[in-house]
Each structure stands twice: as structure tokens, then as C-alpha cells.
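Reproduced below: upload_15.cif, with mmCIF, C-alpha atoms.
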data_protein
loop_
_atom_site.group_PDB
_atom_site.id
_atom_site.type_symbol
_atom_site.label_atom_id
_atom_site.label_comp_id
_atom_site.auth_asym_id
_atom_site.auth_seq_id
_atom_site.Cartn_x
_atom_site.Cartn_y
_atom_site.Cartn_z
ATOM 1 C CA MET A 1 94.077 71.679 77.450
ATOM 2 C CA ASN A 2 91.216 72.168 79.910
ATOM 3 C CA ASP A 3 88.736 74.812 78.695
ATOM 4 C CA PHE A 4 89.219 76.602 82.003
ATOM 5 C CA LYS A 5 92.706 77.668 80.953
ATOM 6 C CA LYS A 6 92.535 77.857 77.168
ATOM 7 C CA ASN A 7 92.957 81.669 77.139
ATOM 8 C CA PHE A 8 95.634 82.012 79.815
ATOM 9 C CA SER A 9 98.525 80.151 81.387
ATOM 10 C CA ASN A 10 100.348 80.147 84.704
ATOM 11 C CA LEU A 11 97.431 81.199 86.886
ATOM 12 C CA LYS A 12 98.699 82.494 90.210
ATOM 13 C CA VAL A 13 96.643 83.113 93.355
ATOM 14 C CA ILE A 14 98.326 85.676 95.614
ATOM 15 C CA LEU A 15 97.401 86.146 99.282
ATOM 16 C CA VAL A 16 98.566 89.301 101.046
ATOM 17 C CA GLU A 17 99.405 88.946 104.741
ATOM 18 C CA PRO A 18 96.944 86.154 105.585
ATOM 19 C CA ASN A 19 96.586 85.675 109.348
ATOM 20 C CA GLY A 20 94.566 82.450 109.478
ATOM 21 C CA PRO A 21 96.157 79.042 108.773
ATOM 22 C CA LEU A 22 92.716 77.532 108.163
ATOM 23 C CA ASN A 23 92.084 80.060 105.408
ATOM 24 C CA VAL A 24 95.473 79.417 103.846
ATOM 25 C CA GLY A 25 94.853 75.672 103.881
ATOM 26 C CA SER A 26 91.399 76.123 102.347
ATOM 27 C CA VAL A 27 92.827 78.309 99.580
ATOM 28 C CA ALA A 28 95.496 75.677 98.854
ATOM 29 C CA ARG A 29 92.705 73.127 98.451
ATOM 30 C CA LEU A 30 90.894 75.481 96.054
ATOM 31 C CA CYS A 31 94.082 75.827 94.026
ATOM 32 C CA SER A 32 93.928 72.076 93.484
ATOM 33 C CA ASN A 33 90.178 72.133 92.712
ATOM 34 C CA PHE A 34 90.566 74.786 90.012
ATOM 35 C CA GLU A 35 93.959 73.842 88.552
ATOM 36 C CA VAL A 36 95.774 76.954 89.727
ATOM 37 C CA ASP A 37 99.447 76.795 88.801
ATOM 38 C CA GLU A 38 100.930 78.483 91.836
ATOM 39 C CA LEU A 39 100.053 79.868 95.255
ATOM 40 C CA ARG A 40 102.028 82.937 96.319
ATOM 41 C CA ILE A 41 101.902 84.480 99.777
ATOM 42 C CA VAL A 42 103.093 87.945 100.746
ATOM 43 C CA SER A 43 104.344 88.377 104.326
ATOM 44 C CA PRO A 44 102.180 85.703 105.995
ATOM 45 C CA LYS A 45 101.069 86.503 109.540
ATOM 46 C CA CYS A 46 100.518 82.862 110.504
ATOM 47 C CA ASP A 47 102.243 79.512 110.198
ATOM 48 C CA ILE A 48 101.193 78.505 106.701
ATOM 49 C CA PHE A 49 102.859 75.106 107.144
ATOM 50 C CA SER A 50 101.016 74.300 110.380
ATOM 51 C CA LEU A 51 99.055 71.099 110.932
ATOM 52 C CA GLU A 52 95.818 73.125 110.773
ATOM 53 C CA ALA A 53 96.683 74.454 107.331
ATOM 54 C CA LYS A 54 97.720 71.025 106.051
ATOM 55 C CA LYS A 55 94.498 69.401 107.306
ATOM 56 C CA MET A 56 92.373 71.978 105.482
ATOM 57 C CA ALA A 57 94.440 71.699 102.299
ATOM 58 C CA LEU A 58 93.923 67.936 101.810
ATOM 59 C CA LYS A 59 94.983 67.262 98.185
ATOM 60 C CA GLY A 60 96.126 70.841 97.924
ATOM 61 C CA GLN A 61 99.035 70.315 100.316
ATOM 62 C CA LYS A 62 101.446 70.468 97.388
ATOM 63 C CA PHE A 63 100.484 74.141 96.970
ATOM 64 C CA LEU A 64 101.537 74.803 100.555
ATOM 65 C CA LYS A 65 104.755 72.859 100.122
ATOM 66 C CA HIS A 66 105.731 74.663 96.922
ATOM 67 C CA CYS A 67 104.197 78.082 97.541
ATOM 68 C CA LYS A 68 106.430 81.101 96.969
ATOM 69 C CA ILE A 69 106.743 83.579 99.834
ATOM 70 C CA PHE A 70 107.508 87.267 99.229
ATOM 71 C CA ASP A 71 108.116 90.174 101.557
ATOM 72 C CA ASP A 72 106.586 92.694 99.147
ATOM 73 C CA LEU A 73 103.542 92.582 96.837
ATOM 74 C CA GLN A 74 105.415 94.243 93.986
ATOM 75 C CA LYS A 75 107.946 91.415 93.934
ATOM 76 C CA ALA A 76 105.109 88.869 93.869
ATOM 77 C CA ILE A 77 103.453 90.273 90.746
ATOM 78 C CA PHE A 78 106.162 91.812 88.591
ATOM 79 C CA ASP A 79 106.676 88.708 86.445
ATOM 80 C CA CYS A 80 102.949 88.661 85.618
ATOM 81 C CA ASP A 81 101.440 90.027 82.402
ATOM 82 C CA LEU A 82 97.965 90.683 83.814
ATOM 83 C CA VAL A 83 97.164 91.349 87.478
ATOM 84 C CA LEU A 84 93.616 91.388 88.858
ATOM 85 C CA ALA A 85 92.756 92.379 92.429
ATOM 86 C CA SER A 86 89.740 91.486 94.532
ATOM 87 C CA CYS A 87 88.446 94.154 96.914
ATOM 88 C CA GLY A 88 85.605 93.941 99.408
ATOM 89 C CA ARG A 89 86.203 97.320 101.083
ATOM 90 C CA ILE A 90 83.745 100.172 100.716
ATOM 91 C CA ASP A 91 86.053 102.898 102.059
ATOM 92 C CA VAL A 92 88.430 102.915 99.108
ATOM 93 C CA ASN A 93 89.551 105.973 97.190
ATOM 94 C CA LYS A 94 86.672 107.484 95.233
ATOM 95 C CA ASP A 95 88.849 107.549 92.110
ATOM 96 C CA SER A 96 89.188 103.764 92.171
ATOM 97 C CA LEU A 97 87.334 101.960 89.414
ATOM 98 C CA PHE A 98 85.651 98.669 90.231
ATOM 99 C CA GLU A 99 84.084 96.314 87.728
ATOM 100 C CA SER A 100 82.092 93.167 88.251
ATOM 101 C CA SER A 101 84.154 90.007 88.314
ATOM 102 C CA GLU A 102 81.952 88.629 85.515
ATOM 103 C CA ASP A 103 82.728 91.580 83.219
ATOM 104 C CA ILE A 104 86.454 91.410 83.964
ATOM 105 C CA PHE A 105 86.668 87.669 83.335
ATOM 106 C CA ASP A 106 84.700 87.982 80.086
ATOM 107 C CA TRP A 107 87.158 90.714 79.054
ATOM 108 C CA THR A 108 90.136 88.561 80.083
ATOM 109 C CA LEU A 109 88.879 85.668 77.987
ATOM 110 C CA SER A 110 88.445 87.878 74.914
ATOM 111 C CA PHE A 111 92.198 87.608 74.283
ATOM 112 C CA LYS A 112 93.941 84.823 72.403
ATOM 113 C CA LYS A 113 96.414 84.143 75.176
ATOM 114 C CA ILE A 114 97.573 85.765 78.412
ATOM 115 C CA ASN A 115 100.738 84.464 80.009
ATOM 116 C CA ASN A 116 101.103 84.661 83.782
ATOM 117 C CA LEU A 117 97.685 85.754 85.033
ATOM 118 C CA ALA A 118 97.631 86.719 88.731
ATOM 119 C CA ILE A 119 94.684 87.320 91.070
ATOM 120 C CA ILE A 120 95.396 89.137 94.353
ATOM 121 C CA PHE A 121 93.386 88.743 97.571
ATOM 122 C CA GLY A 122 93.887 91.052 100.556
ATOM 123 C CA ARG A 123 94.048 90.701 104.302
ATOM 124 C CA GLU A 124 91.133 89.092 106.148
ATOM 125 C CA ASP A 125 90.484 92.163 108.297
ATOM 126 C CA ARG A 126 91.179 95.106 105.970
ATOM 127 C CA GLY A 127 91.787 93.899 102.437
ATOM 128 C CA LEU A 128 94.259 95.699 100.178
ATOM 129 C CA THR A 129 95.443 99.285 100.597
ATOM 130 C CA ASN A 130 94.691 101.884 97.928
ATOM 131 C CA CYS A 131 98.327 101.797 96.785
ATOM 132 C CA GLU A 132 98.221 98.003 96.521
ATOM 133 C CA LEU A 133 95.021 98.150 94.469
ATOM 134 C CA LEU A 134 96.792 100.454 92.018
ATOM 135 C CA LEU A 135 99.371 97.736 91.381
ATOM 136 C CA ALA A 136 96.642 95.739 89.609
ATOM 137 C CA ASN A 137 95.576 96.280 86.013
ATOM 138 C CA LYS A 138 91.946 95.846 87.023
ATOM 139 C CA THR A 139 90.083 95.690 90.326
ATOM 140 C CA PHE A 140 86.789 93.962 91.027
ATOM 141 C CA ASN A 141 84.531 93.239 93.964
ATOM 142 C CA ILE A 142 81.999 90.556 94.792
ATOM 143 C CA PRO A 143 78.515 92.011 95.368
ATOM 144 C CA THR A 144 77.304 91.248 98.895
ATOM 145 C CA SER A 145 74.951 92.785 101.448
ATOM 146 C CA GLN A 146 75.765 96.429 102.207
ATOM 147 C CA ASN A 147 75.130 95.655 105.870
ATOM 148 C CA ASN A 148 77.800 92.951 105.900
ATOM 149 C CA PRO A 149 79.969 93.285 102.760
ATOM 150 C CA SER A 150 83.062 91.390 103.930
ATOM 151 C CA LEU A 151 83.551 87.785 102.876
ATOM 152 C CA ASN A 152 85.749 85.132 104.456
ATOM 153 C CA LEU A 153 89.025 84.971 102.512
ATOM 154 C CA SER A 154 88.693 81.388 101.334
ATOM 155 C CA HIS A 155 85.031 81.955 100.396
ATOM 156 C CA ALA A 156 86.034 84.935 98.265
ATOM 157 C CA VAL A 157 88.727 82.867 96.525
ATOM 158 C CA SER A 158 86.251 80.059 95.825
ATOM 159 C CA ILE A 159 83.713 82.455 94.266
ATOM 160 C CA VAL A 160 86.334 84.146 92.103
ATOM 161 C CA LEU A 161 87.846 80.908 90.801
ATOM 162 C CA TYR A 162 84.375 79.488 90.156
ATOM 163 C CA GLU A 163 83.361 82.600 88.189
ATOM 164 C CA LEU A 164 86.575 82.498 86.166
ATOM 165 C CA ASN A 165 85.874 78.844 85.408
ATOM 166 C CA LYS A 166 82.273 79.646 84.453
ATOM 167 C CA SER A 167 83.311 82.519 82.169
ATOM 168 C CA SER A 168 85.719 80.242 80.328
ATOM 169 C CA LYS A 169 82.802 78.078 79.218
ATOM 170 C CA LYS A 170 80.944 80.952 77.560
ATOM 171 C CA ASN A 171 80.827 81.329 73.805
ATOM 172 C CA LEU A 172 81.367 85.074 73.458
ATOM 173 C CA ASN A 173 81.231 84.952 69.641
ATOM 174 C CA ASN A 174 83.948 87.554 69.333
ATOM 175 C CA GLU A 175 87.179 87.390 67.390
ATOM 176 C CA LEU A 176 89.932 86.932 69.953
ATOM 177 C CA LYS A 177 92.349 89.849 70.301
ATOM 178 C CA VAL A 178 96.089 89.779 70.867
ATOM 179 C CA PHE A 179 96.897 90.745 74.441
ATOM 180 C CA ASN A 180 99.028 93.905 74.551
ATOM 181 C CA LEU A 181 98.117 95.588 77.822
ATOM 182 C CA ALA A 182 100.950 97.299 79.696
ATOM 183 C CA SER A 183 101.990 95.108 82.601
ATOM 184 C CA SER A 184 101.782 96.151 86.232
ATOM 185 C CA LYS A 185 105.582 96.466 86.332
ATOM 186 C CA GLU A 186 105.679 98.658 83.224
ATOM 187 C CA VAL A 187 103.044 100.997 84.661
ATOM 188 C CA HIS A 188 104.742 101.093 88.073
ATOM 189 C CA ASP A 189 108.215 101.806 86.651
ATOM 190 C CA THR A 190 106.848 104.513 84.358
ATOM 191 C CA PHE A 191 105.117 106.323 87.184
ATOM 192 C CA ALA A 192 108.159 106.083 89.415
ATOM 193 C CA GLU A 193 110.030 108.009 86.710
ATOM 194 C CA ILE A 194 107.149 110.467 86.216
ATOM 195 C CA GLU A 195 106.975 111.188 89.943
ATOM 196 C CA GLU A 196 110.720 111.768 90.146
ATOM 197 C CA MET A 197 110.614 114.130 87.160
ATOM 198 C CA LEU A 198 107.622 116.127 88.418
ATOM 199 C CA LEU A 199 109.252 116.514 91.829
ATOM 200 C CA ARG A 200 112.371 117.730 90.092
ATOM 201 C CA VAL A 201 110.562 120.454 88.100
ATOM 202 C CA GLY A 202 108.498 121.528 91.104
ATOM 203 C CA TYR A 203 105.079 120.412 89.862
ATOM 204 C CA LEU A 204 104.761 117.996 92.780
ATOM 205 C CA LEU A 205 105.577 118.470 96.444
ATOM 206 C CA LYS A 206 107.107 115.601 98.402
ATOM 207 C CA HIS A 207 104.315 115.393 100.995
ATOM 208 C CA THR A 208 101.497 115.265 98.395
ATOM 209 C CA SER A 209 103.211 113.608 95.440
ATOM 210 C CA LYS A 210 102.042 110.062 96.162
ATOM 211 C CA ALA A 211 98.341 111.002 96.249
ATOM 212 C CA LYS A 212 98.565 112.968 92.984
ATOM 213 C CA ILE A 213 100.568 110.277 91.204
ATOM 214 C CA ASN A 214 98.057 107.634 92.322
ATOM 215 C CA LYS A 215 95.236 109.648 90.737
ATOM 216 C CA PHE A 216 97.173 109.898 87.487
ATOM 217 C CA LYS A 217 97.947 106.182 87.614
ATOM 218 C CA SER A 218 94.251 105.348 88.087
ATOM 219 C CA PHE A 219 93.455 107.264 84.869
ATOM 220 C CA ILE A 220 96.038 105.229 82.950
ATOM 221 C CA LEU A 221 94.676 101.947 84.321
ATOM 222 C CA ARG A 222 91.112 102.884 83.380
ATOM 223 C CA ALA A 223 92.250 103.523 79.819
ATOM 224 C CA ASN A 224 93.536 99.943 79.341
ATOM 225 C CA THR A 225 96.851 101.417 78.251
ATOM 226 C CA SER A 226 98.844 99.259 75.850
ATOM 227 C CA MET A 227 102.536 98.404 76.044
ATOM 228 C CA HIS A 228 103.192 100.714 73.081
ATOM 229 C CA GLU A 229 101.324 103.614 74.713
ATOM 230 C CA ILE A 230 103.136 103.282 78.036
ATOM 231 C CA ASN A 231 106.451 103.170 76.158
ATOM 232 C CA VAL A 232 105.537 106.400 74.355
ATOM 233 C CA LEU A 233 104.768 108.033 77.708
ATOM 234 C CA ARG A 234 108.034 106.756 79.144
ATOM 235 C CA GLY A 235 109.908 108.039 76.108
ATOM 236 C CA ILE A 236 108.500 111.533 76.701
ATOM 237 C CA VAL A 237 109.719 111.420 80.308
ATOM 238 C CA HIS A 238 113.196 110.289 79.194
ATOM 239 C CA GLN A 239 113.383 113.129 76.658
ATOM 240 C CA ILE A 240 112.360 115.735 79.256
ATOM 241 C CA ASN A 241 114.978 114.391 81.669
ATOM 242 C CA TRP A 242 117.609 114.517 78.899
ATOM 243 C CA PHE A 243 116.701 118.141 78.179
ATOM 244 C CA LEU A 244 116.843 119.097 81.869
ATOM 245 C CA ASN A 245 120.226 117.429 82.306
ATOM 246 C CA ASN A 246 121.723 119.015 79.189
ATOM 247 C CA SER A 247 120.269 122.481 79.747
ATOM 248 C CA LYS A 248 122.071 122.590 83.094
ATOM 249 C CA LYS A 249 125.374 121.572 81.472
ATOM 250 C CA ASN A 250 125.072 124.309 78.834
ATOM 251 C CA LYS A 251 124.596 127.116 81.349
#

Produce C-alpha cells that represent the structure in this file.
Amino acid sequence: MNDFKKNFSNLKVILVEPNGPLNVGSVARLCSNFEVDELRIVSPKCDIFSLEAKKMALKGQKFLKHCKIFDDLQKAIFDCDLVLASCGRIDVNKDSLFESSEDIFDWTLSFKKINNLAIIFGREDRGLTNCELLLANKTFNIPTSQNNPSLNLSHAVSIVLYELNKSSKKNLNNELKVFNLASSKEVHDTFAEIEEMLLRVGYLLKHTSKAKINKFKSFILRANTSMHEINVLRGIVHQINWFLNNSKKNK
């Protein structure tokens, strides 16, 4: 197996609402250059099968032909074990935690094997929303000039895939760990249940619940919560719901 992918399999590049066929074609070409397994596109705002896109893709046209299209980002990532998100915005929530792409890729490659690794890239004009960023296990940005921080979409993808490739060639001299991080879907489903429960007991109000839950979710993501830990948290929620349901019946 190529060293680039010895620590992970099924690498997916996900574009959210791209509006430029030239960018989409260029990204398809990059998928071929860096042996990406699949290109996924969420709600494209352009004709991704246009002649412009195909001309830019060159040998990457197969990624256009076989790309999977989704109408929702959650659906595009919920079969993935690890989800990384690229963000170039500087107006994001202050509670968001960004790491360097180099640190994240070194961390990713410290595991024996990760199945279904996904990297998300946002819209050309405004990137990913705060809620979308919280769907990722980790978020990173590419350091650029503060006066002009935004990168062209395809340029950002090329830098990220190059850095992932470069990291894979490092000898980190660490014993590889077994990957057991809670998936994006597990975290999302758990917090959907937590939000519903906290609304039910009156701790949250409907008009402010999303903001408070997002803060709580950011804490969990920072902690690199394991599958076992998220299941313990979910078990607590289930037990509280059981108690609430049965206490009402006994009255």
C-alpha cells in the first residue's frame, strides 16, 4: 500500500455548496493526484458535470462521474469514522478550537488504522457555518496573510492533501494507538438527545438551546471523547429519560 494511506482508508474529500465548476474540476484532478477514494459534494450551486469542470479535471474526470451528491452535510459524513474540517474564516465562534493542519495530520497518523477519513471544505465565499464546523471531530485552518486570509477552494484542497501526504512520510517514533474516537454521528445523535432532555426539564429554552448545546458540544470535541465515553454519557441521558417517564406514570 502507498505510504500516503498506510494509516487510513477510504479518504473522502467533501465540498459544501461549491459554486464554481472550474474549482470542482480542479478538485477532481487533485483527487486523482493524491489517490483520494471518493469525491462527495453537498448541494452544488453549479453544473459539476459541465464541460468547464471536465476540462479542468483531466485524469480526474472519473471523480466527477462517480461523485456522490448529498442534500445535507450530515448525510455526507455520517458513515465516516473521523471527520476533519478546513476553515479559513476569522469570524467564527470564539469557542471554536482550531489546530494547525500539520498537528492534526500528525495526530491522525499516530493511529494504527482509521477507516473512512473525511475532509470537509466549505463554500468559496463564506466557508462553513459554525454548526457545520461542529459536525467535525477536529477543525483546522491554513495560515495566510491576515489582510487576505481566504484561499481559492482548489488551492486550499491542494495544500491540505499535500500536507497530509507529507505527514504520512514522517517517522514519528511513537507506538501506534488503536483509534477509538467517537464518530461525528455518535456525537451528533448524543447531543440531539441531550438537547431534547434539557428542553424537557426546563434547563434550556427553545430560542437559545442551539447556542448552548453547541458550546457543550465544542467541549466534548476538544476532549477527544472516545466511543466508550460518549456511550456512557448517552446512557446517563437514557436513564434520566426513563426516570422522567416512569415518575409521571407513578403519580

Each segment 165-202 of chain A residue no farther than 12 Å from segment 117-130 of chain A, nearest pair in Å, all atoms listed in the file, as CSV:
residue,atom,partner,partner_atom,distance
A:Phe179,CA,A:Leu117,CA,11.7
A:Ser183,CA,A:Leu117,CA,10.6
A:Ser184,CA,A:Ala118,CA,10.6

Discussion item. Report, in Å to a single decimal, how far apart atom CA of Gln146 of chain A and atom CA of Ser26 of chain A are.
Written reply: 25.6 Å

Worksheet item: So what do you get for atom CA of Phe105 of chain A versus atom CA of Ser168 of chain A, distance-wise?
Response: 8.1 Å

Worksheet item: Residues picked by the PyMOL selection byres ((chain A and resi 80) around 12) here, as a PyMOL selection string?
Response: chain A and resi 8-14+73-79+81-84+114-120+135-137+181-186

Worksheet item: Hey, what's within 10 Å of Arg234 of chain A if we count all atoms listed in the file and toss same-chain stuff fewer than 6 positions away? As an NGL selection string, please?
Response: :A and (186-187 or 189-191 or 193-194 or 228 or 240)

Export of the given selection (C-alpha atoms) as an mmCIF file, keeping the file's coordinate frame:
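And here is the file that came out, selection_33.cif:
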data_model
loop_
_atom_site.group_PDB
_atom_site.id
_atom_site.type_symbol
_atom_site.label_atom_id
_atom_site.label_comp_id
_atom_site.auth_asym_id
_atom_site.auth_seq_id
_atom_site.Cartn_x
_atom_site.Cartn_y
_atom_site.Cartn_z
ATOM 1 C CA GLU A 186 105.679 98.658 83.224
ATOM 2 C CA VAL A 187 103.044 100.997 84.661
ATOM 3 C CA ASP A 189 108.215 101.806 86.651
ATOM 4 C CA THR A 190 106.848 104.513 84.358
ATOM 5 C CA PHE A 191 105.117 106.323 87.184
ATOM 6 C CA GLU A 193 110.030 108.009 86.710
ATOM 7 C CA ILE A 194 107.149 110.467 86.216
ATOM 8 C CA HIS A 228 103.192 100.714 73.081
ATOM 9 C CA ILE A 240 112.360 115.735 79.256
#

Quick one: everything within 10 Å of Glu196 of chain A, counting only C-alpha atoms, minus sequence neighbours fewer than 4 positions away in the same chain. Send it as a short mmCIF file (atom, residue, chain, number, x, y, z; two decimals) with C-alpha atoms, keeping the file's coordinate frame.
data_model
loop_
_atom_site.label_atom_id
_atom_site.label_comp_id
_atom_site.auth_asym_id
_atom_site.auth_seq_id
_atom_site.Cartn_x
_atom_site.Cartn_y
_atom_site.Cartn_z
CA PHE A 191 105.12 106.32 87.18
CA ALA A 192 108.16 106.08 89.42
CA ARG A 200 112.37 117.73 90.09
CA VAL A 201 110.56 120.45 88.10
CA LEU A 204 104.76 118.00 92.78
CA LYS A 206 107.11 115.60 98.40
CA SER A 209 103.21 113.61 95.44
CA VAL A 237 109.72 111.42 80.31
CA ASN A 241 114.98 114.39 81.67
#

Which residues, named as in the file, does the PyMOL selection byres ((chain A and resi 55) around 12) pick out? Answer as a compact mmCIF listing (two decimals) with C-alpha atoms, in the frame of the given file.
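Below is the file out20.txt, written as the result:
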# COMPACT_ATOMS: atom_id res chain seq x y z
CA PRO A 21 96.16 79.04 108.77
CA LEU A 22 92.72 77.53 108.16
CA ASN A 23 92.08 80.06 105.41
CA VAL A 24 95.47 79.42 103.85
CA GLY A 25 94.85 75.67 103.88
CA SER A 26 91.40 76.12 102.35
CA VAL A 27 92.83 78.31 99.58
CA ALA A 28 95.50 75.68 98.85
CA ARG A 29 92.70 73.13 98.45
CA ILE A 48 101.19 78.50 106.70
CA PHE A 49 102.86 75.11 107.14
CA SER A 50 101.02 74.30 110.38
CA LEU A 51 99.06 71.10 110.93
CA GLU A 52 95.82 73.12 110.77
CA ALA A 53 96.68 74.45 107.33
CA LYS A 54 97.72 71.03 106.05
CA MET A 56 92.37 71.98 105.48
CA ALA A 57 94.44 71.70 102.30
CA LEU A 58 93.92 67.94 101.81
CA LYS A 59 94.98 67.26 98.18
CA GLY A 60 96.13 70.84 97.92
CA GLN A 61 99.04 70.32 100.32
CA LEU A 64 101.54 74.80 100.56

Discussion item. Taking all atoms listed in the file into account, name the residue in A:Glu175, A:Asp106, A:Glu38, A:Asp47 that is nearest to Lys62 of chain A.
Written reply: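 Distance minimum relative to Lys62 of chain A lands on A:Glu38.
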
Worksheet item: How many Å lie between atom CA of Ile142 of chain A and atom CA of Leu15 of chain A, rounded to one decimal?
Response: 16.6 Å

Discussion item. Nearest residue to Lys217 of chain A out of A:Lys166, A:His188, A:His155, A:Lys5, using only C-alpha atoms?
Written reply: A:His188

Discussion item. For the provided coordinates, the residues matched by the PyMOL selection byres ((chain A and resi 34) around 8) should be stated as number ranges by chain.
Written reply: A: 30-33, 35-36, 161-162, 165

Write a file of the just-selected residues containing C-alpha atoms, as a CSV table (one decimal), in the coordinates of the input.
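Okay, again20.csv is ready:
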chain,number,residue,atom,x,y,z
A,30,LEU,CA,90.9,75.5,96.1
A,31,CYS,CA,94.1,75.8,94.0
A,32,SER,CA,93.9,72.1,93.5
A,33,ASN,CA,90.2,72.1,92.7
A,35,GLU,CA,94.0,73.8,88.6
A,36,VAL,CA,95.8,77.0,89.7
A,161,LEU,CA,87.8,80.9,90.8
A,162,TYR,CA,84.4,79.5,90.2
A,165,ASN,CA,85.9,78.8,85.4
